[in-house]
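**Student:** Pasting a structure here, questions to come.
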Amino acid sequence: MRIGSYQLKNRILLAPMAGITDKPFRRLCVHYGAGLTFSEMMSTNPQVWHTEKSKLRLAHSEDLGINAVQIAGSDPLEMAQAAAVNVAYGAEIIDINMGCPAKKVNRKLAGSALLQFPDLVEKILREVVNAVDVPVTLKIRTGWDKSNRNCVQIGKIAEQSGIQALTIHGRTRECLFEGEAEYDNIRAVKQAISIPVIANGDIDSAAKAKTVLDYTGADAIMIGRAALGNPWLFQSVEGLIERDSITQTPSLSEKCGQILRHIQELHQFYGEQKGYRIARKHVAWYLQGIQPDSVFRQTFNAISDPQEQLIVLENFLNSILDKEKC
């Protein structure tokens with residue numbers, strides 16, 4: 001799997017997710033086998049480029065591999081300028097978001113709202129591609145709604161505009177995250193264009209990843225929501241896809257250790273005033289896969305001191321490990 005001049009480690013990618021794919025989470029997913037990760041979506045509004053929030057979203061380090069940054073907006077020249085700024089900050093791949101279904105994004109004619117206007121899509125893609133000397137990729141949905149599935153048309157526009165790889169979430173904007181992913185449409189796009197196609201949507205196991213790759217003919221798969229609280233998913237997917245082997249999930253002890261380290265990293269990355277808040281949602285996701293406990297969750301969410309948060313979490317995880325030994 002190549003994107004422009006970059007050879008990826010494998011064909012398993014982590015989707016960019018706002019409020020989630022920060023540096024600590026990306027590092028964890030890379031550790032367990034993600035071949036490429038993307039930063040959180042960056043607005044192309046110049047007023048927010050140099051804010052603390054934007055700096056955190058752009059944070060990167062060499063151990064994360066290729067630095068891929070996603071941008072979202074609707075003005076072609078502003079998008080091009082934002083791409084150039086991000087490349088100056090160290091971005092090695094620019095990804096354009098035309099798949100986000102959020103109302104606050106779509107109201108600004110950004111994200112998946114752009115799929116309604118193929119001419120504007122082409123202008124944006126050409127401006128961004130011409131503005132930077134790094135590969136530009138695109139992430140889309142299958143269309144705006146079920147009556148207007150135009151992913152094949154957009155895929156052809158992307159290829160003609162110089163886009164180096166296309167990710168398709170197999171749903172329309174209207175579908176949000178409901179219903180089953182439309183792998184038929186991903187397959188149709190793959191058959192219509194020659195640039196790499198990345199399949200996204202409902203890939204929550206190694207077996208599902210293999211089925212989607214085989215059926216769609218896609219060059220790679222992208223995992224999003226299924227990685228929440230389950231970053232070790234990449235390990236089993238990588239084993240089956242790249243080595244045709246069944247990989248055991250990490251032990252409960254290893255998972256608990258990684259959870260604690262992740263929460264510590266969040267505290268360090270965001271600072272005391274914000275880190276403990278970000279930690280709450282991650283702990284909730286982890287517990288869903290290990291041991292759901294609404295009482296502990298309420299207790300944990302009431303804590304605002306990072307050190308106390310870690311102590312309480314460690315004690316709870318140790319109690320789970322003690323039960324397993326019994």
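Ligands are numbered from 1 in the order shown, chains are lettered A, B, ... in the order of the structure tokens, and residues start at 1 in each chain.
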Skipping near chain neighbours, those fewer than 6 positions away, what residues fall within 7 Å of segment 229-241 of chain A using only C-alpha atoms, listed as a PyMOL selection string?
**Tutor:** chain A and resi 12+28-29+32-34+205-206+209-210+247-249+282+285-286+289
**Student:** Include N, CA and C atoms and write out the residues we just selected as a tab-separated table (two decimals), in the first residue's frame.
**Tutor:**
```tsv
chain	number	residue	atom	x	y	z
A	12	ILE	N	-3.73	-1.35	7.15
A	12	ILE	CA	-4.72	-1.12	8.20
A	12	ILE	C	-4.52	0.28	8.76
A	28	LEU	N	-0.93	4.64	20.72
A	28	LEU	CA	-1.40	3.34	21.18
A	28	LEU	C	-1.82	2.46	20.00
A	29	CYS	N	-2.51	3.04	19.04
A	29	CYS	CA	-2.96	2.28	17.87
A	29	CYS	C	-1.77	1.86	17.00
A	32	TYR	N	-0.08	-1.16	18.43
A	32	TYR	CA	-0.78	-2.42	18.18
A	32	TYR	C	-0.96	-2.74	16.70
A	33	GLY	N	-0.37	-1.94	15.83
A	33	GLY	CA	-0.32	-2.36	14.43
A	33	GLY	C	-0.93	-1.45	13.38
A	34	ALA	N	-1.46	-0.29	13.75
A	34	ALA	CA	-2.00	0.62	12.73
A	34	ALA	C	-0.88	1.07	11.80
A	205	SER	N	-13.64	-6.33	13.34
A	205	SER	CA	-12.93	-7.57	13.66
A	205	SER	C	-11.98	-7.90	12.53
A	206	ALA	N	-11.04	-8.81	12.79
A	206	ALA	CA	-10.10	-9.23	11.76
A	206	ALA	C	-10.84	-9.92	10.62
A	209	ALA	N	-12.59	-7.38	8.47
A	209	ALA	CA	-11.61	-6.66	7.66
A	209	ALA	C	-11.24	-7.45	6.42
A	210	LYS	N	-11.00	-8.75	6.61
A	210	LYS	CA	-10.63	-9.60	5.47
A	210	LYS	C	-11.79	-9.73	4.48
A	247	THR	N	-4.10	-13.95	15.63
A	247	THR	CA	-3.32	-13.35	16.72
A	247	THR	C	-4.18	-13.24	17.97
A	248	GLN	N	-3.67	-13.75	19.05
A	248	GLN	CA	-4.38	-13.66	20.32
A	248	GLN	C	-4.43	-12.21	20.79
A	249	THR	N	-5.55	-11.81	21.37
A	249	THR	CA	-5.62	-10.47	21.94
A	249	THR	C	-4.73	-10.40	23.17
A	282	HIS	N	-12.53	7.85	27.50
A	282	HIS	CA	-11.72	6.70	27.15
A	282	HIS	C	-11.90	5.56	28.15
A	285	TRP	N	-15.09	3.78	27.43
A	285	TRP	CA	-14.97	2.87	26.28
A	285	TRP	C	-14.20	1.61	26.66
A	286	TYR	N	-13.12	1.77	27.43
A	286	TYR	CA	-12.34	0.60	27.83
A	286	TYR	C	-13.19	-0.37	28.66
A	289	GLY	N	-15.52	-2.97	27.07
A	289	GLY	CA	-14.92	-4.20	26.55
A	289	GLY	C	-14.30	-5.08	27.62
```
**Student:** Neighbouring residues of Leu310 of chain A were defined as those with any atom within 10 Å, considering only C-alpha atoms; residues of the same chain fewer than 2 positions away were excluded. Please report them as a PDB file with N, CA and C atoms, in the first residue's frame.
**Tutor:**
```pdb
ATOM      1  N   LEU A 260      -3.859   2.232  31.907  1.00  0.00           N
ATOM      2  CA  LEU A 260      -3.269   3.167  32.880  1.00  0.00           C
ATOM      3  C   LEU A 260      -2.249   4.086  32.209  1.00  0.00           C
ATOM      4  N   ARG A 261      -1.418   3.517  31.355  1.00  0.00           N
ATOM      5  CA  ARG A 261      -0.409   4.332  30.665  1.00  0.00           C
ATOM      6  C   ARG A 261      -1.076   5.352  29.750  1.00  0.00           C
ATOM      7  N   ILE A 263      -4.045   6.753  30.126  1.00  0.00           N
ATOM      8  CA  ILE A 263      -4.628   7.825  30.942  1.00  0.00           C
ATOM      9  C   ILE A 263      -3.532   8.758  31.461  1.00  0.00           C
ATOM     10  N   GLN A 264      -2.400   8.197  31.851  1.00  0.00           N
ATOM     11  CA  GLN A 264      -1.266   9.031  32.286  1.00  0.00           C
ATOM     12  C   GLN A 264      -0.808   9.942  31.152  1.00  0.00           C
ATOM     13  N   HIS A 267      -3.151  12.875  30.681  1.00  0.00           N
ATOM     14  CA  HIS A 267      -2.911  13.904  31.705  1.00  0.00           C
ATOM     15  C   HIS A 267      -1.709  14.770  31.313  1.00  0.00           C
ATOM     16  N   TYR A 276      -7.943  15.182  32.711  1.00  0.00           N
ATOM     17  CA  TYR A 276      -8.844  14.283  33.437  1.00  0.00           C
ATOM     18  C   TYR A 276     -10.216  14.213  32.772  1.00  0.00           C
ATOM     19  N   ALA A 279      -9.914  11.916  29.780  1.00  0.00           N
ATOM     20  CA  ALA A 279      -9.740  10.533  30.252  1.00  0.00           C
ATOM     21  C   ALA A 279     -11.070   9.836  30.495  1.00  0.00           C
ATOM     22  N   PHE A 300     -15.815   7.535  38.986  1.00  0.00           N
ATOM     23  CA  PHE A 300     -14.656   7.997  38.233  1.00  0.00           C
ATOM     24  C   PHE A 300     -14.925   9.368  37.609  1.00  0.00           C
ATOM     25  N   ILE A 303     -14.435  12.577  39.709  1.00  0.00           N
ATOM     26  CA  ILE A 303     -13.084  12.940  40.161  1.00  0.00           C
ATOM     27  C   ILE A 303     -12.488  13.987  39.228  1.00  0.00           C
ATOM     28  N   ASP A 305      -9.298  15.436  40.120  1.00  0.00           N
ATOM     29  CA  ASP A 305      -7.860  15.469  40.396  1.00  0.00           C
ATOM     30  C   ASP A 305      -7.187  14.333  39.619  1.00  0.00           C
ATOM     31  N   PRO A 306      -6.250  14.640  38.711  1.00  0.00           N
ATOM     32  CA  PRO A 306      -5.636  13.611  37.876  1.00  0.00           C
ATOM     33  C   PRO A 306      -4.994  12.474  38.672  1.00  0.00           C
ATOM     34  N   GLN A 307      -4.282  12.824  39.746  1.00  0.00           N
ATOM     35  CA  GLN A 307      -3.609  11.786  40.523  1.00  0.00           C
ATOM     36  C   GLN A 307      -4.617  10.863  41.204  1.00  0.00           C
ATOM     37  N   GLU A 308      -5.664  11.454  41.746  1.00  0.00           N
ATOM     38  CA  GLU A 308      -6.707  10.640  42.375  1.00  0.00           C
ATOM     39  C   GLU A 308      -7.398   9.764  41.333  1.00  0.00           C
ATOM     40  N   VAL A 312      -7.660   5.662  41.728  1.00  0.00           N
ATOM     41  CA  VAL A 312      -8.964   4.983  41.748  1.00  0.00           C
ATOM     42  C   VAL A 312      -9.069   4.000  40.578  1.00  0.00           C
ATOM     43  N   LEU A 313      -8.590   4.410  39.406  1.00  0.00           N
ATOM     44  CA  LEU A 313      -8.638   3.537  38.236  1.00  0.00           C
ATOM     45  C   LEU A 313      -7.743   2.306  38.437  1.00  0.00           C
ATOM     46  N   GLU A 314      -6.547   2.526  38.954  1.00  0.00           N
ATOM     47  CA  GLU A 314      -5.626   1.402  39.180  1.00  0.00           C
ATOM     48  C   GLU A 314      -6.216   0.401  40.173  1.00  0.00           C
ATOM     49  N   ASN A 315      -6.826   0.913  41.237  1.00  0.00           N
ATOM     50  CA  ASN A 315      -7.444   0.019  42.235  1.00  0.00           C
ATOM     51  C   ASN A 315      -8.573  -0.796  41.602  1.00  0.00           C
ATOM     52  N   PHE A 316      -9.368  -0.146  40.770  1.00  0.00           N
ATOM     53  CA  PHE A 316     -10.485  -0.844  40.119  1.00  0.00           C
ATOM     54  C   PHE A 316      -9.968  -1.922  39.169  1.00  0.00           C
TER      55      PHE A 316
END
```
**Student:** To one decimal place, how far is atom CA of Glu180 of chain A from atom CA of Pro101 of chain A in Å?
**Tutor:**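 Calculated distance between atom CA of Glu180 of chain A and atom CA of Pro101 of chain A is 16.0 Å.
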**Student:** Counting only C-alpha atoms, which of A:Ala15, A:Ile96, A:Ala131, A:Leu115 gets nearest to Gly35 of chain A?
**Tutor:** A:Ala15
**Student:** Which parts of segment 103-246 of chain A does DSSP call strand (DSSP E or B) when run on the backbone here, written out as a ChimeraX atom specification?
**Tutor:** /A:136-143,165-172,197-200,220-223
